[in-house]
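A short write-up of the structure that comes next.
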Amino acid sequence: EAGVAQSPRYKIIEKRQSVAFWCNPISGHATLYWYQQILGQGPKLLIQFQNNGVVDDSQLPKDRFSAERLKGVDSTLKIQPAKLEDSAVYLCASSLGPLTNYEQYFGPGTRLTVT
Amino acid sequence: AQSVTQPDIHITVSEGASLELRCNYSYGATPYLFWYVQSPGQGLQLLLKYFSGDTLVQGIKGFEAEFKRSQSSFNLRKPSVHWSDAAEYFCALQPYGGSQGNLIFGKGTKLSVKP
């Protein structure tokens, strides 16, 4: 089966610009996650969707970050305006459901550099 | 607060030597525990997981991990390391029960393998 797809793989922007990332989860996976991985650290959850509803966005900087999952399939994560500290790898993951016994499958990530 | 600590930032082992990567967690109960591996430019791949039961867990690629409640540890081991094991390894915790699917990661341990 196809894995989690993400695009673009790399993005370089200047601070105060906007950027969007796209994620296509594994077919049939109801739960989708966006993680931020800053260099030298482990991934940190930004937002979790169950179908097209938000389950947890407590760590999403809502003044500049937004995410949506229309129709409960693909998702986009947007940053506007970007700051230098947003430079990171943005990982998308999906699972069959939200319960802890469901394995999360990760995409390859989008590496964002803000200059 | 829930947290995961990986004390070793970088470890170098010789090919064929044994490996142990340390992981300690802080959580009020017994959590679900995971080890992931991340190769350069790749997403995270699940090596193994502990939910309950036998405290010695077998995973893919010849890895195993042992859960020790008294030490709040979940160390990853491999008896003989191969050059292809060079990667970054992340220990993660998932709060027990409910629909809390988010993973809490350690900062990772980078493994280098010398010939």
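If you're wondering about the labels, chains in the structure tokens are A, B, ... by order shown, residues count from 1 in each chain, ligands from 1 in order shown.
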Return as a compact mmCIF listing (two decimals) with all heavy atoms, in the first residue's frame the full set of residues in chain A whose backbone-based DSSP assignment is strand (DSSP E).
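Generated file (result39.txt):
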```
# COMPACT_ATOMS: atom_id res chain seq x y z
N ALA A 5 2.10 10.60 1.85
CA ALA A 5 2.79 11.46 0.89
C ALA A 5 2.78 12.90 1.39
O ALA A 5 1.78 13.37 1.94
CB ALA A 5 2.12 11.38 -0.48
N GLN A 6 3.91 13.56 1.19
CA GLN A 6 4.01 14.97 1.57
C GLN A 6 4.69 15.75 0.44
O GLN A 6 5.58 15.23 -0.24
CB GLN A 6 4.85 15.16 2.84
CG GLN A 6 4.18 14.63 4.09
CD GLN A 6 4.96 15.00 5.34
OE1 GLN A 6 5.51 14.14 6.00
NE2 GLN A 6 4.99 16.30 5.66
N SER A 7 4.27 16.99 0.27
CA SER A 7 4.95 17.87 -0.67
C SER A 7 4.80 19.32 -0.21
O SER A 7 3.86 19.65 0.51
CB SER A 7 4.37 17.71 -2.08
OG SER A 7 3.04 18.19 -2.12
N TYR A 10 11.17 20.10 0.15
CA TYR A 10 12.02 21.17 0.64
C TYR A 10 11.41 22.51 0.25
O TYR A 10 10.80 22.63 -0.81
CB TYR A 10 13.44 21.08 0.05
CG TYR A 10 14.10 19.75 0.27
CD1 TYR A 10 13.98 18.72 -0.67
CD2 TYR A 10 14.84 19.50 1.42
CE1 TYR A 10 14.58 17.49 -0.46
CE2 TYR A 10 15.45 18.27 1.64
CZ TYR A 10 15.31 17.28 0.70
OH TYR A 10 15.89 16.06 0.91
N LYS A 11 11.59 23.49 1.14
CA LYS A 11 11.09 24.83 0.86
C LYS A 11 11.97 25.84 1.57
O LYS A 11 12.27 25.68 2.76
CB LYS A 11 9.64 24.97 1.35
CG LYS A 11 8.93 26.23 0.90
CD LYS A 11 8.58 26.17 -0.56
CE LYS A 11 7.78 27.40 -0.97
NZ LYS A 11 7.44 27.39 -2.42
N ILE A 12 12.38 26.86 0.82
CA ILE A 12 13.15 27.96 1.40
C ILE A 12 12.36 29.23 1.18
O ILE A 12 11.98 29.54 0.04
CB ILE A 12 14.54 28.07 0.75
CG1 ILE A 12 15.33 26.77 0.95
CG2 ILE A 12 15.31 29.26 1.35
CD1 ILE A 12 16.66 26.74 0.23
N ILE A 13 12.10 29.97 2.25
CA ILE A 13 11.37 31.23 2.14
C ILE A 13 12.04 32.26 3.02
O ILE A 13 12.86 31.93 3.89
CB ILE A 13 9.89 31.08 2.55
CG1 ILE A 13 9.77 30.64 4.02
CG2 ILE A 13 9.17 30.11 1.64
CD1 ILE A 13 8.34 30.67 4.54
N VAL A 19 3.76 30.10 3.61
CA VAL A 19 4.10 28.81 3.01
C VAL A 19 3.01 27.81 3.36
O VAL A 19 2.33 27.94 4.39
CB VAL A 19 5.48 28.33 3.51
CG1 VAL A 19 5.46 28.05 5.01
CG2 VAL A 19 5.96 27.11 2.73
N ALA A 20 2.84 26.83 2.48
CA ALA A 20 1.83 25.79 2.74
C ALA A 20 2.43 24.43 2.44
O ALA A 20 3.19 24.28 1.47
CB ALA A 20 0.59 26.03 1.89
N PHE A 21 2.06 23.47 3.26
CA PHE A 21 2.51 22.09 3.09
C PHE A 21 1.27 21.22 2.88
O PHE A 21 0.22 21.47 3.48
CB PHE A 21 3.27 21.59 4.33
CG PHE A 21 4.30 22.53 4.85
CD1 PHE A 21 4.32 22.91 6.17
CD2 PHE A 21 5.27 23.04 3.99
CE1 PHE A 21 5.28 23.78 6.66
CE2 PHE A 21 6.23 23.91 4.47
CZ PHE A 21 6.24 24.29 5.81
N TRP A 22 1.48 20.17 2.11
CA TRP A 22 0.37 19.28 1.78
C TRP A 22 0.67 17.86 2.25
O TRP A 22 1.83 17.41 2.19
CB TRP A 22 0.13 19.32 0.27
CG TRP A 22 -0.87 18.35 -0.22
CD1 TRP A 22 -2.24 18.45 -0.22
CD2 TRP A 22 -0.59 17.08 -0.84
NE1 TRP A 22 -2.82 17.35 -0.78
CE2 TRP A 22 -1.82 16.48 -1.17
CE3 TRP A 22 0.59 16.39 -1.13
CZ2 TRP A 22 -1.91 15.24 -1.79
CZ3 TRP A 22 0.51 15.15 -1.74
CH2 TRP A 22 -0.74 14.58 -2.06
N CYS A 23 -0.35 17.16 2.68
CA CYS A 23 -0.20 15.79 3.14
C CYS A 23 -1.35 14.94 2.62
O CYS A 23 -2.52 15.33 2.74
CB CYS A 23 -0.16 15.73 4.66
SG CYS A 23 -0.18 14.05 5.35
N ASN A 24 -1.00 13.78 2.09
CA ASN A 24 -2.00 12.80 1.68
C ASN A 24 -1.80 11.54 2.51
O ASN A 24 -0.78 10.86 2.34
CB ASN A 24 -1.87 12.50 0.18
CG ASN A 24 -2.91 11.49 -0.29
OD1 ASN A 24 -2.57 10.47 -0.88
ND2 ASN A 24 -4.16 11.77 -0.03
N THR A 31 -7.34 9.26 11.10
CA THR A 31 -6.64 10.20 11.98
C THR A 31 -5.38 10.70 11.29
O THR A 31 -4.62 9.91 10.72
CB THR A 31 -6.28 9.53 13.31
OG1 THR A 31 -7.45 8.92 13.86
CG2 THR A 31 -5.78 10.57 14.30
N LEU A 32 -5.18 12.00 11.37
CA LEU A 32 -4.02 12.63 10.73
C LEU A 32 -3.36 13.57 11.71
O LEU A 32 -4.03 14.28 12.47
CB LEU A 32 -4.47 13.39 9.48
CG LEU A 32 -3.37 13.99 8.59
CD1 LEU A 32 -3.80 13.93 7.12
CD2 LEU A 32 -3.03 15.40 8.99
N TYR A 33 -2.03 13.55 11.71
CA TYR A 33 -1.25 14.35 12.64
C TYR A 33 -0.25 15.20 11.86
O TYR A 33 0.34 14.75 10.87
CB TYR A 33 -0.44 13.46 13.59
CG TYR A 33 -1.20 12.33 14.24
CD1 TYR A 33 -1.44 11.14 13.55
CD2 TYR A 33 -1.62 12.43 15.57
CE1 TYR A 33 -2.12 10.10 14.16
CE2 TYR A 33 -2.29 11.38 16.18
CZ TYR A 33 -2.54 10.22 15.47
OH TYR A 33 -3.20 9.18 16.07
N TRP A 34 0.01 16.39 12.37
CA TRP A 34 1.13 17.21 11.91
C TRP A 34 2.09 17.40 13.10
O TRP A 34 1.66 17.80 14.18
CB TRP A 34 0.68 18.58 11.43
CG TRP A 34 0.06 18.61 10.07
CD1 TRP A 34 -1.27 18.66 9.76
CD2 TRP A 34 0.75 18.60 8.81
NE1 TRP A 34 -1.45 18.69 8.40
CE2 TRP A 34 -0.22 18.67 7.79
CE3 TRP A 34 2.11 18.58 8.45
CZ2 TRP A 34 0.10 18.68 6.44
CZ3 TRP A 34 2.43 18.59 7.11
CH2 TRP A 34 1.44 18.64 6.12
N TYR A 35 3.36 17.10 12.84
CA TYR A 35 4.41 17.29 13.84
C TYR A 35 5.43 18.28 13.31
O TYR A 35 5.70 18.35 12.11
CB TYR A 35 5.14 15.97 14.13
CG TYR A 35 4.35 14.93 14.88
CD1 TYR A 35 3.52 14.03 14.22
CD2 TYR A 35 4.48 14.80 16.26
CE1 TYR A 35 2.81 13.06 14.91
CE2 TYR A 35 3.78 13.82 16.97
CZ TYR A 35 2.95 12.96 16.28
OH TYR A 35 2.26 11.99 16.98
N GLN A 36 6.04 19.03 14.23
CA GLN A 36 7.17 19.90 13.91
C GLN A 36 8.42 19.32 14.54
O GLN A 36 8.43 19.03 15.74
CB GLN A 36 6.92 21.31 14.46
CG GLN A 36 8.04 22.30 14.19
CD GLN A 36 7.90 23.58 14.99
OE1 GLN A 36 7.79 23.54 16.22
NE2 GLN A 36 7.84 24.71 14.31
N GLN A 37 9.46 19.14 13.74
CA GLN A 37 10.72 18.61 14.25
C GLN A 37 11.82 19.62 14.02
O GLN A 37 12.33 19.76 12.90
CB GLN A 37 11.06 17.27 13.60
CG GLN A 37 12.31 16.61 14.18
CD GLN A 37 12.61 15.26 13.58
OE1 GLN A 37 12.12 14.90 12.53
NE2 GLN A 37 13.45 14.50 14.26
N LYS A 44 7.36 17.25 17.62
CA LYS A 44 6.37 17.76 18.56
C LYS A 44 5.04 17.90 17.84
O LYS A 44 4.97 18.48 16.76
CB LYS A 44 6.81 19.13 19.11
CG LYS A 44 5.83 19.74 20.11
CD LYS A 44 6.23 21.16 20.48
CE LYS A 44 5.82 22.14 19.39
NZ LYS A 44 6.02 23.55 19.81
N LEU A 45 3.98 17.36 18.43
CA LEU A 45 2.67 17.41 17.80
C LEU A 45 2.18 18.85 17.69
O LEU A 45 2.19 19.60 18.67
CB LEU A 45 1.65 16.59 18.60
CG LEU A 45 0.24 16.57 18.00
CD1 LEU A 45 0.21 15.68 16.76
CD2 LEU A 45 -0.78 16.07 19.03
N LEU A 46 1.73 19.22 16.48
CA LEU A 46 1.10 20.53 16.28
C LEU A 46 -0.42 20.40 16.30
O LEU A 46 -1.11 21.19 16.94
CB LEU A 46 1.54 21.12 14.94
CG LEU A 46 3.00 21.57 14.82
CD1 LEU A 46 3.28 22.03 13.40
CD2 LEU A 46 3.31 22.67 15.82
N ILE A 47 -0.93 19.43 15.56
CA ILE A 47 -2.38 19.30 15.46
C ILE A 47 -2.73 17.87 15.09
O ILE A 47 -1.98 17.19 14.40
CB ILE A 47 -2.95 20.29 14.42
CG1 ILE A 47 -4.48 20.32 14.45
CG2 ILE A 47 -2.44 19.99 13.02
CD1 ILE A 47 -5.07 21.51 13.66
N GLN A 48 -3.89 17.42 15.60
CA GLN A 48 -4.40 16.09 15.31
C GLN A 48 -5.83 16.22 14.81
O GLN A 48 -6.65 16.90 15.43
CB GLN A 48 -4.37 15.22 16.57
CG GLN A 48 -4.97 13.83 16.40
CD GLN A 48 -5.00 13.04 17.70
OE1 GLN A 48 -4.34 13.39 18.67
NE2 GLN A 48 -5.77 11.96 17.72
N PHE A 49 -6.11 15.56 13.67
CA PHE A 49 -7.44 15.55 13.10
C PHE A 49 -8.04 14.14 13.24
O PHE A 49 -7.35 13.14 13.10
CB PHE A 49 -7.40 15.86 11.59
CG PHE A 49 -7.06 17.28 11.25
CD1 PHE A 49 -5.76 17.64 10.96
CD2 PHE A 49 -8.05 18.25 11.18
CE1 PHE A 49 -5.44 18.94 10.62
CE2 PHE A 49 -7.75 19.55 10.83
CZ PHE A 49 -6.44 19.90 10.55
N GLN A 50 -9.33 14.09 13.48
CA GLN A 50 -10.10 12.87 13.37
C GLN A 50 -11.12 13.13 12.27
O GLN A 50 -12.01 13.96 12.43
CB GLN A 50 -10.77 12.50 14.68
CG GLN A 50 -11.64 11.26 14.62
CD GLN A 50 -10.87 10.02 14.31
OE1 GLN A 50 -9.65 9.96 14.52
NE2 GLN A 50 -11.54 9.00 13.80
N GLY A 53 -12.38 16.81 11.60
CA GLY A 53 -12.48 17.59 12.82
C GLY A 53 -11.18 17.60 13.60
O GLY A 53 -10.42 16.64 13.57
N VAL A 54 -10.93 18.71 14.30
CA VAL A 54 -9.72 18.86 15.09
C VAL A 54 -9.90 18.19 16.45
O VAL A 54 -10.87 18.47 17.16
CB VAL A 54 -9.37 20.34 15.28
CG1 VAL A 54 -8.15 20.48 16.22
CG2 VAL A 54 -9.08 20.99 13.94
N VAL A 55 -8.96 17.31 16.82
CA VAL A 55 -8.99 16.64 18.12
C VAL A 55 -8.12 17.39 19.13
O VAL A 55 -8.50 17.57 20.27
CB VAL A 55 -8.51 15.18 17.99
CG1 VAL A 55 -8.39 14.53 19.36
CG2 VAL A 55 -9.43 14.39 17.08
N ASP A 56 -6.95 17.82 18.66
CA ASP A 56 -6.00 18.47 19.57
C ASP A 56 -5.18 19.46 18.76
O ASP A 56 -4.48 19.07 17.84
CB ASP A 56 -5.10 17.43 20.22
CG ASP A 56 -4.10 18.01 21.21
OD1 ASP A 56 -4.04 19.24 21.37
OD2 ASP A 56 -3.35 17.22 21.82
N PHE A 65 -0.03 29.84 12.45
CA PHE A 65 -0.21 28.52 11.85
C PHE A 65 -1.70 28.22 11.72
O PHE A 65 -2.50 28.53 12.62
CB PHE A 65 0.43 27.43 12.72
CG PHE A 65 1.92 27.37 12.70
CD1 PHE A 65 2.69 28.41 13.18
CD2 PHE A 65 2.57 26.24 12.19
CE1 PHE A 65 4.08 28.35 13.16
CE2 PHE A 65 3.95 26.17 12.18
CZ PHE A 65 4.70 27.21 12.67
N SER A 66 -2.02 27.57 10.60
CA SER A 66 -3.39 27.07 10.43
C SER A 66 -3.33 25.75 9.69
O SER A 66 -2.37 25.48 8.96
CB SER A 66 -4.25 28.07 9.67
OG SER A 66 -3.77 28.24 8.36
N ALA A 67 -4.33 24.93 9.90
CA ALA A 67 -4.37 23.64 9.22
C ALA A 67 -5.81 23.27 8.96
O ALA A 67 -6.71 23.65 9.71
CB ALA A 67 -3.69 22.57 10.06
N GLU A 68 -6.01 22.55 7.89
CA GLU A 68 -7.34 22.07 7.57
C GLU A 68 -7.26 20.70 6.94
O GLU A 68 -6.24 20.32 6.38
CB GLU A 68 -8.06 23.05 6.64
CG GLU A 68 -7.41 23.27 5.30
CD GLU A 68 -8.15 24.29 4.45
OE1 GLU A 68 -9.09 24.93 4.94
OE2 GLU A 68 -7.78 24.44 3.27
N SER A 75 -4.66 16.99 3.79
CA SER A 75 -4.56 18.09 4.75
C SER A 75 -3.51 19.08 4.29
O SER A 75 -2.54 18.72 3.61
CB SER A 75 -4.17 17.55 6.13
OG SER A 75 -4.01 18.60 7.06
N THR A 76 -3.71 20.34 4.64
CA THR A 76 -2.70 21.37 4.41
C THR A 76 -2.39 22.08 5.71
O THR A 76 -3.27 22.30 6.55
CB THR A 76 -3.17 22.40 3.38
OG1 THR A 76 -4.41 22.96 3.83
CG2 THR A 76 -3.35 21.79 2.02
N LEU A 77 -1.13 22.40 5.87
CA LEU A 77 -0.64 23.17 7.01
C LEU A 77 -0.05 24.45 6.45
O LEU A 77 0.76 24.41 5.53
CB LEU A 77 0.42 22.39 7.78
CG LEU A 77 1.10 23.09 8.94
CD1 LEU A 77 0.13 23.29 10.10
CD2 LEU A 77 2.33 22.30 9.42
N LYS A 78 -0.47 25.59 6.99
CA LYS A 78 -0.01 26.88 6.48
C LYS A 78 0.66 27.69 7.58
O LYS A 78 0.23 27.63 8.75
CB LYS A 78 -1.18 27.67 5.90
CG LYS A 78 -1.85 27.02 4.70
CD LYS A 78 -3.01 27.85 4.19
CE LYS A 78 -3.70 27.17 3.02
NZ LYS A 78 -4.87 27.95 2.52
N ILE A 79 1.68 28.42 7.19
CA ILE A 79 2.33 29.34 8.10
C ILE A 79 2.31 30.72 7.46
O ILE A 79 2.73 30.90 6.31
CB ILE A 79 3.81 28.95 8.38
CG1 ILE A 79 3.90 27.49 8.82
CG2 ILE A 79 4.40 29.86 9.45
CD1 ILE A 79 5.34 27.00 8.99
N ALA A 88 12.31 24.09 10.31
CA ALA A 88 12.13 22.76 10.91
C ALA A 88 11.71 21.80 9.80
O ALA A 88 11.48 22.20 8.66
CB ALA A 88 11.05 22.79 12.00
N VAL A 89 11.61 20.53 10.18
CA VAL A 89 10.97 19.54 9.31
C VAL A 89 9.55 19.35 9.80
O VAL A 89 9.31 19.16 11.00
CB VAL A 89 11.73 18.20 9.34
CG1 VAL A 89 10.98 17.14 8.51
CG2 VAL A 89 13.15 18.38 8.80
N TYR A 90 8.61 19.41 8.87
CA TYR A 90 7.21 19.23 9.21
C TYR A 90 6.78 17.84 8.74
O TYR A 90 6.81 17.54 7.56
CB TYR A 90 6.36 20.35 8.62
CG TYR A 90 6.67 21.65 9.30
CD1 TYR A 90 7.75 22.44 8.90
CD2 TYR A 90 5.93 22.06 10.40
CE1 TYR A 90 8.08 23.61 9.57
CE2 TYR A 90 6.25 23.23 11.08
CZ TYR A 90 7.32 23.99 10.66
OH TYR A 90 7.65 25.15 11.34
N LEU A 91 6.41 17.03 9.72
CA LEU A 91 6.07 15.64 9.46
C LEU A 91 4.56 15.45 9.54
O LEU A 91 3.91 15.95 10.45
CB LEU A 91 6.73 14.73 10.49
CG LEU A 91 8.25 14.66 10.49
CD1 LEU A 91 8.75 14.00 11.77
CD2 LEU A 91 8.75 13.90 9.29
N CYS A 92 4.05 14.72 8.59
CA CYS A 92 2.65 14.31 8.62
C CYS A 92 2.60 12.82 8.93
O CYS A 92 3.44 12.05 8.45
CB CYS A 92 1.99 14.60 7.28
SG CYS A 92 0.25 14.14 7.19
N ALA A 93 1.65 12.42 9.72
CA ALA A 93 1.46 11.01 10.04
C ALA A 93 -0.03 10.69 10.00
O ALA A 93 -0.87 11.58 10.15
CB ALA A 93 2.03 10.67 11.42
N SER A 94 -0.34 9.43 9.77
CA SER A 94 -1.74 9.01 9.80
C SER A 94 -1.88 7.67 10.49
O SER A 94 -0.91 6.90 10.59
CB SER A 94 -2.32 8.96 8.38
OG SER A 94 -1.78 7.89 7.62
N SER A 95 -3.07 7.42 10.99
CA SER A 95 -3.37 6.13 11.62
C SER A 95 -4.83 5.80 11.37
O SER A 95 -5.64 6.67 11.02
CB SER A 95 -3.07 6.17 13.12
OG SER A 95 -3.88 7.12 13.78
N TYR A 105 1.81 6.09 10.99
CA TYR A 105 2.71 5.97 9.86
C TYR A 105 3.11 7.37 9.41
O TYR A 105 2.25 8.23 9.20
CB TYR A 105 2.03 5.22 8.70
CG TYR A 105 1.72 3.78 9.02
CD1 TYR A 105 0.57 3.44 9.71
CD2 TYR A 105 2.60 2.76 8.64
CE1 TYR A 105 0.28 2.11 10.02
CE2 TYR A 105 2.32 1.44 8.94
CZ TYR A 105 1.17 1.12 9.63
OH TYR A 105 0.90 -0.19 9.94
N PHE A 106 4.42 7.57 9.28
CA PHE A 106 4.93 8.90 9.00
C PHE A 106 5.30 9.07 7.54
O PHE A 106 5.82 8.15 6.90
CB PHE A 106 6.17 9.19 9.86
CG PHE A 106 5.84 9.46 11.30
CD1 PHE A 106 5.60 8.43 12.18
CD2 PHE A 106 5.77 10.77 11.76
CE1 PHE A 106 5.29 8.68 13.51
CE2 PHE A 106 5.47 11.04 13.09
CZ PHE A 106 5.22 9.99 13.96
N THR A 110 8.58 17.63 5.22
CA THR A 110 8.93 18.81 4.43
C THR A 110 9.93 19.62 5.23
O THR A 110 9.63 20.02 6.36
CB THR A 110 7.70 19.68 4.12
OG1 THR A 110 6.79 18.95 3.31
CG2 THR A 110 8.13 20.95 3.40
N ARG A 111 11.10 19.82 4.66
CA ARG A 111 12.13 20.62 5.36
C ARG A 111 11.95 22.07 4.98
O ARG A 111 12.11 22.44 3.81
CB ARG A 111 13.53 20.14 5.01
CG ARG A 111 14.62 20.92 5.75
CD ARG A 111 16.00 20.36 5.43
NE ARG A 111 16.15 18.98 5.89
CZ ARG A 111 16.47 18.63 7.13
NH1 ARG A 111 16.67 19.56 8.04
NH2 ARG A 111 16.60 17.36 7.43
N LEU A 112 11.63 22.90 5.97
CA LEU A 112 11.43 24.34 5.75
C LEU A 112 12.62 25.12 6.29
O LEU A 112 13.02 24.93 7.45
CB LEU A 112 10.16 24.83 6.44
CG LEU A 112 9.94 26.34 6.43
CD1 LEU A 112 9.67 26.82 5.01
CD2 LEU A 112 8.80 26.74 7.35
N THR A 113 13.17 25.98 5.46
CA THR A 113 14.22 26.90 5.89
C THR A 113 13.70 28.31 5.73
O THR A 113 13.30 28.71 4.63
CB THR A 113 15.51 26.72 5.07
OG1 THR A 113 15.96 25.36 5.20
CG2 THR A 113 16.60 27.67 5.55
N VAL A 114 13.71 29.07 6.82
CA VAL A 114 13.28 30.46 6.80
C VAL A 114 14.51 31.35 6.95
O VAL A 114 15.26 31.21 7.93
CB VAL A 114 12.26 30.75 7.91
CG1 VAL A 114 11.78 32.20 7.83
CG2 VAL A 114 11.08 29.80 7.83
```
Quick check: residues of chain A within 6 Å of chain B, only C-alpha atoms, returned as JSON, numbers by chain. {"A": [41, 42, 98, 99, 100, 106, 107, 108]}
Taken to one decimal, the CA of His10 in chain B-CA of Ser72 in chain B distance is 21.4 Å
Under the rule that only C-alpha atoms are counted, which of A:Leu39, A:Leu60, A:Ala82, A:Ala2 is the nearest residue to Ser27 in chain A?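 Of all the options, A:Ala2 lies closest to Ser27 in chain A.
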*Find, counting only C-alpha atoms, the residue in B:Arg22, B:Pro115, B:Gly16, B:Leu93 that gets nearest to Asn75 in chain B.*
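Looking at the shortest contact to Asn75 in chain B, the residue is B:Arg22.
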Fill in: Which of chain A fall in helix (DSSP H, G or I), as an MDAnalysis selection string
chainID A and resid 70:72 84:86
